[in-house]
Amino acid sequence: MRNIPGPWKRTAAGAGLLSAEGVVAPTIFAEMSALAARTGAINLGQGFPDEDGPAQVLEAARDAIAHGVNQYPPGRGIQDLRQAIAEHQQRFYSLHLDPDRDVIVTAGATEAIAATLLALLDGPEDEVVVFEPYYDEYAACVALAGATMRTVPLRWPDFQPDLERLADAVTDRTRIILVNDPHNPTGAVFSREVLDEVVRLAHLHDAIIVTDEVYEHLTFGVPHVPISTLPSAWERTLTISSGGKTFSTTGWKIGWVSGPAELVDAVLTVKQFLTYVNGAPFQPAIATGLRLGRDFFDGIAETLRHKRDVLVEGLRAAGFGVSVPDGSYFVVADAAGIGATDAAEFCRALPDRAGVVAIPLTAFATPERRADYATLVRFAACKRVEVLEEAASRLAALG
Ligand code: PMP
Ligand code: GLN
């Protein structure tokens with residue numbers, strides 16, 4: 001055992017948040033963005049767009065700042081944004097929400113996930129079932145809540161879960177089934193059978209379903225189906241989303257949780273002591289965004305689909321195997337085709353070898369499962385087409 005001084009370090013070590021050297025480890029996204037900045041490589045690692053979102057949304061934030069929307073907003077979020085979220089759920093999914101009881105605004109989906117897990121989990125007996133590979137925050141927050149994570153593997157190349165393995169993972173100890181759809185890092189959009197099975201198992205074992213739908217508007221020719229719209233799902237589902245991806249405002253950190261009032265209240269009890277509130281002038285701006293016309297929402301999916309195609313084609317031409325995603329910001333490629341045996345090593349060397357940054361899929365997996373993803377790499381497609389083309393031509397020179 002290392003001699004780690006201080007109780008905070010023991011806690012952080014227990015939650016797996018320290019590096020092997022015993023210092024606070026940066027997230028894989030921060031590490032890779034720093035690597036890109038240091039080397040001047042094209043950053044296809046951390047998922048953020050390199051262009052601004054809709055002008056009306058940006059203008060609404062400027063306007064709010066100019067008109068004094070600069071103090072603490074209400075704890076649940078400004079009423080107009082909660083109203084806009086309810087309107088959005090009605091317009092896209094025919095869900096009827098009470099904006100005063102069924103919705104709260106959070107500091108991004110990140111806080112929504114943290115507050116939800118901390119509110120609903122009560123120690124090591126409580127289990128959370130997640131699909132693996134998974135967004136890194138899930139494991140960190142399950143650990144911070146002192147609970148236990150069970151994972152169901154998603155496998156190359158379609159990354160749909162095996163329904164029997166899913167059924168095996170969910171038991172009476174399962175408190176939460178956490179479903180990220182569309183999925184980061186794989187870009188999978190889960191089939192209707194998977195979503196139905198999640199609902200069936202949640203009922204069978206009296207579990208709560210928590211969904212992370214931050215890529216809800218970024219699917220390519222397949223519909224996004226929120227689990228809360230499925231028969232008998234609403235009563236036990238908390239739905240999380242965010243304005244970051246939809247409006248290309250990842251730095252604004254406006255997210256939300258919606259669902260049955262009692263569950264939302266449980267999340268609020270924790271949320272009010274995490275950030276209390278955030279982003280006053282950005283809240284009306286995201287309300288403006290959520291009320292944009294259908295053409296805007298269709299347009300962002302179409303634009304990203306084109307970018308996905310450019311990246312997929314470029315990766316194939318460079319010799320990678322490619323899993324073509326149905327949604328999200330990301331494309332997963334197999335670097336075995338160009339001689340890699342260890343994606344982490346490959347990604348560490350990639351800025352020097354090719355001037356490109358990407359993220360190994362092992363960063364999203366538990367140590368026991370890393371071997372399954374040993375040669376897989378995640379590339380972000382949410383960049384300008386010319387940037388993706390330049391990255392592709394640099395990667396082609398690798399072969
Ligand atoms: N969930 C997933 C699956 C993500 O990819 C991200 C990263 N954007 C988040 C949650 C965090 O969202 P936010 O930036 O709104 O906190
Ligand atoms: N969601 C982004 C990604 O997967 C990163 C968010 C973050 O840096 N925490 O790349």
# chains A, B, ... in the order shown; residues from 1 in each chain; ligands from 1

call {"tool": "residues_near_ligand", "arguments": {"ligand": "ligand 2", "cutoff": "8 Å", "atoms": "only C-alpha atoms and all ligand atoms", "output": "compact mmCIF listing (two decimals) with N, CA and C atoms, in the first residue's frame"}}
result
# COMPACT_ATOMS: atom_id res chain seq x y z
N THR A 27 -8.85 14.05 -15.80
CA THR A 27 -9.66 13.13 -16.60
C THR A 27 -8.93 12.90 -17.92
N ILE A 28 -9.29 11.83 -18.58
CA ILE A 28 -8.67 11.50 -19.86
C ILE A 28 -8.88 12.65 -20.87
N PHE A 29 -10.03 13.34 -20.72
CA PHE A 29 -10.35 14.43 -21.67
C PHE A 29 -9.41 15.61 -21.44
N ALA A 30 -9.21 15.96 -20.16
CA ALA A 30 -8.32 17.07 -19.83
C ALA A 30 -6.89 16.73 -20.25
N GLY A 45 -9.81 14.45 -29.61
CA GLY A 45 -9.97 13.73 -28.34
C GLY A 45 -11.24 14.18 -27.63
N GLN A 46 -11.11 15.23 -26.81
CA GLN A 46 -12.25 15.72 -26.03
C GLN A 46 -13.37 16.18 -26.98
N GLY A 47 -14.60 15.80 -26.62
CA GLY A 47 -15.73 16.11 -27.50
C GLY A 47 -16.28 17.51 -27.29
N PHE A 48 -15.76 18.45 -28.08
CA PHE A 48 -16.38 19.79 -28.08
C PHE A 48 -16.28 20.35 -29.50
N THR A 110 -23.38 16.81 -16.13
CA THR A 110 -22.41 16.29 -15.15
C THR A 110 -22.97 16.39 -13.73
N TYR A 135 -19.06 6.45 -19.96
CA TYR A 135 -18.59 7.80 -19.71
C TYR A 135 -17.93 7.83 -18.33
N GLU A 137 -17.42 9.68 -15.84
CA GLU A 137 -18.06 10.21 -14.63
C GLU A 137 -18.89 9.15 -13.89
N ASN A 184 -21.88 7.45 -25.53
CA ASN A 184 -20.48 7.87 -25.52
C ASN A 184 -19.70 6.80 -24.76
N PRO A 185 -18.65 6.21 -25.27
CA PRO A 185 -17.88 6.62 -26.43
C PRO A 185 -18.22 5.91 -27.76
N ALA A 380 -13.26 12.21 -32.22
CA ALA A 380 -14.41 13.13 -32.19
C ALA A 380 -14.68 13.64 -33.61

call {"tool": "select_by_dssp", "arguments": {"residues": "region 277-350 of chain A", "states": "strand (DSSP E or B)", "output": "PyMOL selection string"}}
result
chain A and resi 321-323+327+330-334

call {"tool": "select_by_dssp", "arguments": {"residues": "region 20-258 of chain A", "states": "helix (DSSP H, G or I)", "output": "PyMOL selection string"}}
result
chain A and resi 28-39+55-66+79-93+108-120+136-144+163-169+192-204+227-229+234-236

call {"tool": "residues_near_ligand", "arguments": {"ligand": "ligand 1", "cutoff": "10 Å", "atoms": "only C-alpha atoms and all ligand atoms", "output": "PyMOL selection string"}}
result
chain A and resi 29+46-48+106-114+134-138+179-185+187+211-215+240-246+249-256+328-330

call {"tool": "closest_residue", "arguments": {"among": "A:Ala167, A:Val198, A:Ala287, A:Leu154", "to": "Val210 (chain A)", "atoms": "only C-alpha atoms"}}
result
A:Val198

call {"tool": "closest_residue", "arguments": {"among": "A:Gly16, A:Pro124, A:Gly321, A:Gly53", "to": "Pro157 (chain A)", "atoms": "only C-alpha atoms"}}
result
A:Gly321
